[in-house]
Each structure stands twice: as structure tokens, then as C-alpha cells.
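What follows is protein.pdb (PDB, C-alpha atoms).
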```
ATOM      1  CA  MET A1019     -61.362  18.240   3.173
ATOM      2  CA  ARG A1020     -58.469  16.339   4.766
ATOM      3  CA  LEU A1021     -55.604  15.536   2.406
ATOM      4  CA  ILE A1022     -53.412  12.514   3.135
ATOM      5  CA  LEU A1023     -50.291  12.063   1.021
ATOM      6  CA  TYR A1024     -48.781   8.598   0.853
ATOM      7  CA  SER A1025     -45.120   9.381   0.377
ATOM      8  CA  TYR A1026     -41.539   8.179   0.688
ATOM      9  CA  TYR A1027     -38.939  10.804   1.425
ATOM     10  CA  ARG A1028     -36.667   9.953  -1.521
ATOM     11  CA  SER A1029     -39.385   9.267  -4.067
ATOM     12  CA  SER A1030     -39.014  11.996  -6.682
ATOM     13  CA  ALA A1031     -42.650  11.521  -7.725
ATOM     14  CA  ALA A1032     -43.845  12.091  -4.151
ATOM     15  CA  TYR A1033     -41.374  14.993  -3.860
ATOM     16  CA  ARG A1034     -43.127  16.698  -6.820
ATOM     17  CA  VAL A1035     -46.489  16.458  -5.126
ATOM     18  CA  ARG A1036     -45.108  17.764  -1.827
ATOM     19  CA  ILE A1037     -43.796  20.812  -3.692
ATOM     20  CA  ALA A1038     -47.151  21.397  -5.418
ATOM     21  CA  LEU A1039     -49.087  21.058  -2.156
ATOM     22  CA  ASN A1040     -46.722  23.487  -0.470
ATOM     23  CA  LEU A1041     -46.884  26.017  -3.312
ATOM     24  CA  LYS A1042     -50.672  25.822  -3.110
ATOM     25  CA  GLN A1043     -50.334  26.392   0.647
ATOM     26  CA  LEU A1044     -52.527  23.387   1.385
ATOM     27  CA  ASP A1045     -52.569  21.513   4.665
ATOM     28  CA  TYR A1046     -51.857  17.804   4.321
ATOM     29  CA  VAL A1047     -50.787  14.832   6.380
ATOM     30  CA  VAL A1048     -47.986  12.536   5.243
ATOM     31  CA  GLU A1049     -48.343   8.773   5.576
ATOM     32  CA  SER A1050     -44.947   7.214   4.993
ATOM     33  CA  VAL A1051     -44.659   4.144   2.766
ATOM     34  CA  ASP A1052     -41.186   2.682   3.248
ATOM     35  CA  LEU A1053     -39.793   1.563  -0.124
ATOM     36  CA  ARG A1054     -36.512   0.156   1.187
ATOM     37  CA  ALA A1055     -35.938  -3.562   0.970
ATOM     38  CA  PRO A1056     -36.415  -5.588   3.120
ATOM     39  CA  PHE A1057     -38.796  -3.147   4.830
ATOM     40  CA  SER A1058     -40.790  -2.324   1.698
ATOM     41  CA  GLN A1059     -44.413  -1.580   2.504
ATOM     42  CA  GLN A1060     -45.449  -0.750  -1.055
ATOM     43  CA  ARG A1061     -46.465  -4.333  -1.886
ATOM     44  CA  SER A1062     -48.224  -4.936   1.399
ATOM     45  CA  PRO A1063     -51.898  -5.955   1.134
ATOM     46  CA  GLU A1064     -52.835  -2.880   3.149
ATOM     47  CA  TYR A1065     -51.153  -0.428   0.796
ATOM     48  CA  LEU A1066     -52.287  -2.229  -2.357
ATOM     49  CA  LYS A1067     -55.836  -1.498  -1.254
ATOM     50  CA  THR A1068     -54.911   2.181  -1.408
ATOM     51  CA  ASN A1069     -52.944   2.022  -4.667
ATOM     52  CA  PRO A1070     -53.141  -1.216  -6.679
ATOM     53  CA  GLN A1071     -49.866  -0.282  -8.415
ATOM     54  CA  GLY A1072     -48.066  -0.293  -5.093
ATOM     55  CA  LEU A1073     -46.379   3.011  -5.909
ATOM     56  CA  VAL A1074     -46.094   6.417  -4.281
ATOM     57  CA  PRO A1075     -47.435   9.004  -4.306
ATOM     58  CA  ALA A1076     -51.118   8.528  -3.653
ATOM     59  CA  LEU A1077     -53.326  11.324  -2.388
ATOM     60  CA  LYS A1078     -56.359  10.481  -0.292
ATOM     61  CA  ILE A1079     -59.118  13.072  -0.372
ATOM     62  CA  GLY A1080     -61.964  12.043   1.894
ATOM     63  CA  GLU A1081     -62.912   8.593   0.635
ATOM     64  CA  SER A1082     -61.262   9.030  -2.780
ATOM     65  CA  VAL A1083     -57.676   8.203  -3.709
ATOM     66  CA  LEU A1084     -55.729   9.732  -6.589
ATOM     67  CA  THR A1085     -52.562   8.195  -8.000
ATOM     68  CA  GLN A1086     -49.804   9.257 -10.414
ATOM     69  CA  SER A1087     -47.989  12.484  -9.583
ATOM     70  CA  ALA A1088     -48.876  14.370 -12.772
ATOM     71  CA  ALA A1089     -52.567  13.565 -12.395
ATOM     72  CA  ILE A1090     -52.506  14.582  -8.732
ATOM     73  CA  ILE A1091     -50.831  17.912  -9.499
ATOM     74  CA  GLU A1092     -53.270  18.647 -12.334
ATOM     75  CA  TYR A1093     -56.123  17.882  -9.920
ATOM     76  CA  LEU A1094     -54.689  20.320  -7.395
ATOM     77  CA  GLU A1095     -54.421  22.971 -10.105
ATOM     78  CA  GLU A1096     -58.057  22.503 -11.079
ATOM     79  CA  VAL A1097     -59.544  22.325  -7.592
ATOM     80  CA  TYR A1098     -57.238  24.871  -5.937
ATOM     81  CA  PRO A1099     -56.496  27.273  -8.816
ATOM     82  CA  LEU A1100     -54.712  29.916  -6.752
ATOM     83  CA  PRO A1101     -51.844  30.382  -6.719
ATOM     84  CA  SER A1102     -51.693  28.984 -10.231
ATOM     85  CA  LEU A1103     -48.902  26.618 -11.226
ATOM     86  CA  LEU A1104     -49.685  26.964 -14.940
ATOM     87  CA  PRO A1105     -49.494  30.024 -17.243
ATOM     88  CA  GLU A1106     -52.581  31.589 -18.786
ATOM     89  CA  SER A1107     -52.326  30.850 -22.510
ATOM     90  CA  ALA A1108     -52.920  27.388 -23.979
ATOM     91  CA  GLU A1109     -49.609  27.516 -25.836
ATOM     92  CA  ASP A1110     -47.642  28.403 -22.721
ATOM     93  CA  ARG A1111     -49.415  25.697 -20.709
ATOM     94  CA  ALA A1112     -48.466  23.156 -23.369
ATOM     95  CA  TYR A1113     -44.839  24.309 -23.197
ATOM     96  CA  VAL A1114     -44.715  23.998 -19.403
ATOM     97  CA  ARG A1115     -46.388  20.584 -19.501
ATOM     98  CA  ALA A1116     -43.837  19.467 -22.106
ATOM     99  CA  LEU A1117     -41.011  20.425 -19.741
ATOM    100  CA  ALA A1118     -42.644  18.446 -16.952
ATOM    101  CA  GLN A1119     -43.137  15.452 -19.228
ATOM    102  CA  ILE A1120     -39.478  15.359 -20.212
ATOM    103  CA  ILE A1121     -38.895  14.527 -16.561
ATOM    104  CA  ALA A1122     -41.984  12.418 -15.874
ATOM    105  CA  CYS A1123     -42.179  10.470 -19.135
ATOM    106  CA  ASP A1124     -38.639  10.301 -20.501
ATOM    107  CA  ILE A1125     -36.108  10.457 -17.648
ATOM    108  CA  HIS A1126     -37.827   9.167 -14.540
ATOM    109  CA  PRO A1127     -39.450   5.938 -15.837
ATOM    110  CA  LEU A1128     -36.077   4.634 -17.030
ATOM    111  CA  ASN A1129     -34.327   5.532 -13.776
ATOM    112  CA  ASN A1130     -37.021   4.605 -11.297
ATOM    113  CA  LEU A1131     -35.856   2.603  -8.278
ATOM    114  CA  ARG A1132     -37.756  -0.506  -9.352
ATOM    115  CA  ILE A1133     -36.072  -0.377 -12.787
ATOM    116  CA  LEU A1134     -32.632  -0.004 -11.229
ATOM    117  CA  ASP A1135     -33.381  -2.829  -8.779
ATOM    118  CA  TYR A1136     -34.527  -5.051 -11.649
ATOM    119  CA  ARG A1137     -31.357  -4.303 -13.608
ATOM    120  CA  ALA A1138     -29.201  -4.895 -10.535
ATOM    121  CA  ALA A1139     -30.739  -8.347 -10.160
ATOM    122  CA  GLU A1140     -29.466  -9.254 -13.636
ATOM    123  CA  SER A1141     -25.955 -10.683 -13.414
ATOM    124  CA  THR A1142     -24.738  -8.558 -16.361
ATOM    125  CA  HIS A1143     -25.866  -5.269 -14.794
ATOM    126  CA  ASN A1144     -23.573  -4.358 -11.919
ATOM    127  CA  GLU A1145     -23.638  -1.115  -9.948
ATOM    128  CA  ARG A1146     -21.245   0.588 -12.374
ATOM    129  CA  ASN A1147     -23.453  -0.262 -15.349
ATOM    130  CA  ASN A1148     -26.486   1.042 -13.502
ATOM    131  CA  LEU A1149     -24.746   4.357 -12.855
ATOM    132  CA  LEU A1150     -23.850   4.716 -16.520
ATOM    133  CA  TRP A1151     -27.452   3.860 -17.456
ATOM    134  CA  TYR A1152     -28.824   6.452 -15.031
ATOM    135  CA  ARG A1153     -26.482   9.210 -16.135
ATOM    136  CA  HIS A1154     -27.137   8.551 -19.834
ATOM    137  CA  TRP A1155     -30.880   9.157 -19.550
ATOM    138  CA  VAL A1156     -30.469  12.188 -17.310
ATOM    139  CA  ALA A1157     -28.063  13.768 -19.795
ATOM    140  CA  LEU A1158     -30.347  13.059 -22.745
ATOM    141  CA  GLY A1159     -33.313  14.644 -21.000
ATOM    142  CA  PHE A1160     -31.440  17.578 -19.486
ATOM    143  CA  ASP A1161     -29.831  18.430 -22.843
ATOM    144  CA  ALA A1162     -33.285  19.041 -24.299
ATOM    145  CA  PHE A1163     -34.639  20.681 -21.141
ATOM    146  CA  GLU A1164     -31.782  23.205 -21.050
ATOM    147  CA  GLN A1165     -32.228  24.073 -24.722
ATOM    148  CA  LEU A1166     -35.950  24.623 -24.263
ATOM    149  CA  LEU A1167     -35.334  26.905 -21.291
ATOM    150  CA  ALA A1168     -32.855  28.946 -23.319
ATOM    151  CA  SER A1169     -35.283  29.198 -26.246
ATOM    152  CA  ARG A1170     -37.788  30.996 -23.988
ATOM    153  CA  GLU A1171     -35.191  33.328 -22.462
ATOM    154  CA  CYS A1172     -35.467  31.779 -19.013
ATOM    155  CA  ASP A1173     -34.159  34.126 -16.321
ATOM    156  CA  GLY A1174     -32.553  31.366 -14.225
ATOM    157  CA  ARG A1175     -34.990  31.675 -11.311
ATOM    158  CA  TYR A1176     -37.883  29.515 -12.521
ATOM    159  CA  CYS A1177     -38.613  27.451 -15.596
ATOM    160  CA  PHE A1178     -41.204  29.920 -16.897
ATOM    161  CA  ALA A1179     -42.783  33.330 -16.370
ATOM    162  CA  GLY A1180     -40.827  34.419 -13.326
ATOM    163  CA  LYS A1181     -42.769  32.359 -10.800
ATOM    164  CA  PRO A1182     -42.732  28.768  -9.514
ATOM    165  CA  GLY A1183     -44.886  26.306 -11.397
ATOM    166  CA  ILE A1184     -45.440  22.728 -12.458
ATOM    167  CA  ALA A1185     -42.196  22.491 -14.435
ATOM    168  CA  ASP A1186     -40.186  23.494 -11.371
ATOM    169  CA  ALA A1187     -42.036  20.949  -9.228
ATOM    170  CA  PHE A1188     -40.864  18.238 -11.626
ATOM    171  CA  LEU A1189     -37.362  19.567 -12.271
ATOM    172  CA  ILE A1190     -36.120  20.104  -8.704
ATOM    173  CA  PRO A1191     -36.578  16.449  -7.564
ATOM    174  CA  GLN A1192     -34.893  15.210 -10.741
ATOM    175  CA  VAL A1193     -31.881  17.455 -10.161
ATOM    176  CA  TYR A1194     -31.765  16.284  -6.538
ATOM    177  CA  ASN A1195     -31.510  12.695  -7.756
ATOM    178  CA  ALA A1196     -28.995  13.596 -10.459
ATOM    179  CA  ILE A1197     -26.741  15.041  -7.758
ATOM    180  CA  ARG A1198     -27.172  11.883  -5.680
ATOM    181  CA  TYR A1199     -26.013   9.816  -8.643
ATOM    182  CA  GLU A1200     -23.123  12.208  -9.341
ATOM    183  CA  CYS A1201     -24.336  13.190 -12.802
ATOM    184  CA  ASP A1202     -22.285  15.813 -14.602
ATOM    185  CA  LEU A1203     -24.411  18.976 -14.584
ATOM    186  CA  GLN A1204     -21.716  21.360 -15.812
ATOM    187  CA  ASN A1205     -23.444  22.028 -19.137
ATOM    188  CA  TYR A1206     -26.804  22.904 -17.578
ATOM    189  CA  SER A1207     -26.352  26.447 -16.338
ATOM    190  CA  LEU A1208     -30.049  27.368 -16.327
ATOM    191  CA  ILE A1209     -31.082  24.122 -14.650
ATOM    192  CA  ARG A1210     -28.472  24.627 -11.936
ATOM    193  CA  GLN A1211     -29.551  28.235 -11.374
ATOM    194  CA  ILE A1212     -33.215  27.253 -11.069
ATOM    195  CA  TYR A1213     -32.331  24.467  -8.643
ATOM    196  CA  ALA A1214     -30.317  26.832  -6.446
ATOM    197  CA  HIS A1215     -32.997  29.523  -6.484
ATOM    198  CA  CYS A1216     -36.004  27.284  -5.846
ATOM    199  CA  ASN A1217     -34.293  25.559  -2.954
ATOM    200  CA  LYS A1218     -34.215  28.893  -1.111
ATOM    201  CA  LEU A1219     -38.027  29.076  -1.161
ATOM    202  CA  ASP A1220     -40.164  27.839   1.691
ATOM    203  CA  GLY A1221     -42.397  25.558  -0.391
ATOM    204  CA  PHE A1222     -39.415  23.715  -1.853
ATOM    205  CA  MET A1223     -37.429  23.579   1.383
ATOM    206  CA  LYS A1224     -40.352  21.996   3.243
ATOM    207  CA  ALA A1225     -40.672  19.370   0.499
ATOM    208  CA  ALA A1226     -36.979  18.396   0.528
ATOM    209  CA  PRO A1227     -36.258  14.732   1.262
ATOM    210  CA  GLU A1228     -33.915  15.368   4.172
ATOM    211  CA  VAL A1229     -36.547  17.214   6.227
ATOM    212  CA  GLN A1230     -39.275  14.590   5.860
ATOM    213  CA  THR A1231     -40.308  12.698   8.960
ATOM    214  CA  ASP A1232     -39.380   9.363   7.376
ATOM    215  CA  ALA A1233     -35.917  10.487   6.241
ATOM    216  CA  VAL A1234     -33.142   8.143   7.306
ATOM    217  CA  ALA A1235     -29.471   8.918   7.772
ATOM    218  CA  PRO A1236     -27.351   8.102   4.702
ATOM    219  CA  VAL A1237     -25.269   4.953   4.919
TER     220      VAL A1237
END
```

Could you show the structure in this file as C-alpha cells?
Amino acid sequence: MRLILYSYYRSSAAYRVRIALNLKQLDYVVESVDLRAPFSQQRSPEYLKTNPQGLVPALKIGESVLTQSAAIIEYLEEVYPLPSLLPESAEDRAYVRALAQIIACDIHPLNNLRILDYRAAESTHNERNNLLWYRHWVALGFDAFEQLLASRECDGRYCFAGKPGIADAFLIPQVYNAIRYECDLQNYSLIRQIYAHCNKLDGFMKAAPEVQTDAVAPV
């Protein structure tokens, strides 16, 4: 069945799904949804018919559309179980999902582009304040993430079990954004090692923002 991914090259949520699709070795077509003002297509009537939230990613499967990156990735894991992105035991799956949710539920929602844009529109929140806001929530989340990795004797290649999985699909885009916002990552040795290792792998390289067809040159 044809898979169409509605994506924006710098959306970390869409980036996660691109990684998962690539790790599953699935064929998919990317439909770009430009999120940049004043070109933003996410609130267009056409796209709102696809995703009423006006967010990316969305994954069209035949006549059905799935939204929310975590739900999409869990769907892919259920429908295309090999190669698996989750460990075998229930306890280990819960651990890996917890790592992913530190990113998806605690860091990303507070640093999402629409949140930063909303803050920037407030006269008391200038660009400097936004940077401090962003870095604060990254540090809080990465502090816990790093400690959890160390508690499971992570080998510095992947988040768990010596192979790429859901936690890596969530972590790599968040580190990419943290670097963009010049966050201090000095204290996160395991996170930095995983980022460096995963970015040498084909599935991650093909998902990287700079190689997407809708990528634009930095200004």
C-alpha cells in the first residue's frame, strides 16, 4: 500500500517518522508542508482536510490518514514488525518508550516552533529569552535521559540493546535541534556518542533535514 508522509524538513516530529520508515526499509513518498511564515501551508484549508490539527507529520495509507509521530511509529511497528524497533520484554519496551516520551512529551512540546513563535509575539519574550527557555527544557530532559542510559549500561552506539530503535528515532532529531540552538551538550557523553554513531547509518542519514527535497539554504 502506498505510504505518503506529510513532512517538513526541519520538523523533529516528521524527522522521527522518516527515521522509523527508513529503519523499516519501507518505500514512501514525501509531500512537503512548508511551515515557514509567510509561506506556511499547515493552516491551509487543503492541509486541514488531511490533518485537522494543521501539524506534521501525517501519514496517508491508502484512504486513511494517521497523525502524531508516536502513534505513527507504533503503527509501523505493529504492521511492519521486522526489523523491530522495540525490545522483546514488556519491561524493556516500557523503558524504551519512557526514553522516547522524555523527548516527545517533556522536551518537544515546550520547544515546538509554534510555542516559540507564540512567545516571540509577546513583547516580554525576545529572542534571547526564547533561547534561554529552549535550552532550559533541553537540559532538564537530557539530564534525565543521560542518567537513564547510564543506568542500563548503554554502550554509546544506540539507546538500548545494541541496535537502532524507537528511542533513537526520537533522540537524534532532538539532538539535531539542540545543536541548532547551541545548547551545551558537554555533560551528555552517551547522548553525543549515540548521535555520532547513528548519523553514520543509512536510515538516519537519509532522514536528515539537510538532504530532504524541501530543505532550504540557511539564512

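Distances here use all atoms listed in the file; by that measure, the residue among A:Glu1081, A:Asp1110, A:Asp1052, A:Asp1045 closest to Gly1183 in chain A is A:Asp1110.
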
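Here the question is which of A:Ser1102, A:Ser1058, A:Ser1030, A:Asn1217 gets nearest to Ala1088 in chain A using all atoms listed in the file, and that residue is A:Ser1030.
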
Long-range neighbours of range 1059-1074 of chain A as a count of residues only, 10 Å cut-off, all atoms listed in the file, 5 positions minimum in chain: 21

May I have the residues at most 10 Å from (-36.9, 19.6, 0.2) in the file's coordinates, counting only C-alpha atoms, as an mmCIF file with C-alpha atoms, in the coordinates of the input?
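Once written, part-v5.cif looks like this:
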```cif
data_model
loop_
_atom_site.group_PDB
_atom_site.id
_atom_site.type_symbol
_atom_site.label_atom_id
_atom_site.label_comp_id
_atom_site.auth_asym_id
_atom_site.auth_seq_id
_atom_site.Cartn_x
_atom_site.Cartn_y
_atom_site.Cartn_z
ATOM 1 C CA TYR A 1027 -38.939 10.804 1.425
ATOM 2 C CA ARG A 1028 -36.667 9.953 -1.521
ATOM 3 C CA TYR A 1033 -41.374 14.993 -3.860
ATOM 4 C CA ARG A 1034 -43.127 16.698 -6.820
ATOM 5 C CA ARG A 1036 -45.108 17.764 -1.827
ATOM 6 C CA ILE A 1037 -43.796 20.812 -3.692
ATOM 7 C CA ILE A 1190 -36.120 20.104 -8.704
ATOM 8 C CA PRO A 1191 -36.578 16.449 -7.564
ATOM 9 C CA TYR A 1194 -31.765 16.284 -6.538
ATOM 10 C CA CYS A 1216 -36.004 27.284 -5.846
ATOM 11 C CA ASN A 1217 -34.293 25.559 -2.954
ATOM 12 C CA LYS A 1218 -34.215 28.893 -1.111
ATOM 13 C CA LEU A 1219 -38.027 29.076 -1.161
ATOM 14 C CA ASP A 1220 -40.164 27.839 1.691
ATOM 15 C CA GLY A 1221 -42.397 25.558 -0.391
ATOM 16 C CA PHE A 1222 -39.415 23.715 -1.853
ATOM 17 C CA MET A 1223 -37.429 23.579 1.383
ATOM 18 C CA LYS A 1224 -40.352 21.996 3.243
ATOM 19 C CA ALA A 1225 -40.672 19.370 0.499
ATOM 20 C CA ALA A 1226 -36.979 18.396 0.528
ATOM 21 C CA PRO A 1227 -36.258 14.732 1.262
ATOM 22 C CA GLU A 1228 -33.915 15.368 4.172
ATOM 23 C CA VAL A 1229 -36.547 17.214 6.227
ATOM 24 C CA GLN A 1230 -39.275 14.590 5.860
#
```

For a test of reading the model, state the distance in Å between CA of Pro1101 in chain A and CA of Ala1179 in chain A, rounded to one decimal. 13.6 Å

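Here CA of Asp1124 in chain A is placed at a distance of 6.9 Å from CA of Gly1159 in chain A.
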
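We find CA of Asp1186 in chain A and CA of Asn1147 in chain A to be spaced 29.3 Å apart.
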
Neighbourhood query: residues within 7 Å of (-53.4, 26.2, -1.8), file coordinates, counting only C-alpha atoms; return as a PDB file with C-alpha atoms, in the frame of the given file.
```
ATOM      1  CA  LEU A1039     -49.087  21.058  -2.156  1.00  0.00           C
ATOM      2  CA  LEU A1041     -46.884  26.017  -3.312  1.00  0.00           C
ATOM      3  CA  LYS A1042     -50.672  25.822  -3.110  1.00  0.00           C
ATOM      4  CA  GLN A1043     -50.334  26.392   0.647  1.00  0.00           C
ATOM      5  CA  LEU A1044     -52.527  23.387   1.385  1.00  0.00           C
ATOM      6  CA  TYR A1098     -57.238  24.871  -5.937  1.00  0.00           C
ATOM      7  CA  LEU A1100     -54.712  29.916  -6.752  1.00  0.00           C
ATOM      8  CA  PRO A1101     -51.844  30.382  -6.719  1.00  0.00           C
TER       9      PRO A1101
END
```

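When only C-alpha atoms are used to measure the gap to Leu1166 in chain A, the shortest distance among A:Tyr1113, A:Tyr1213, A:Arg1198, A:Asn1205 belongs to A:Tyr1113.
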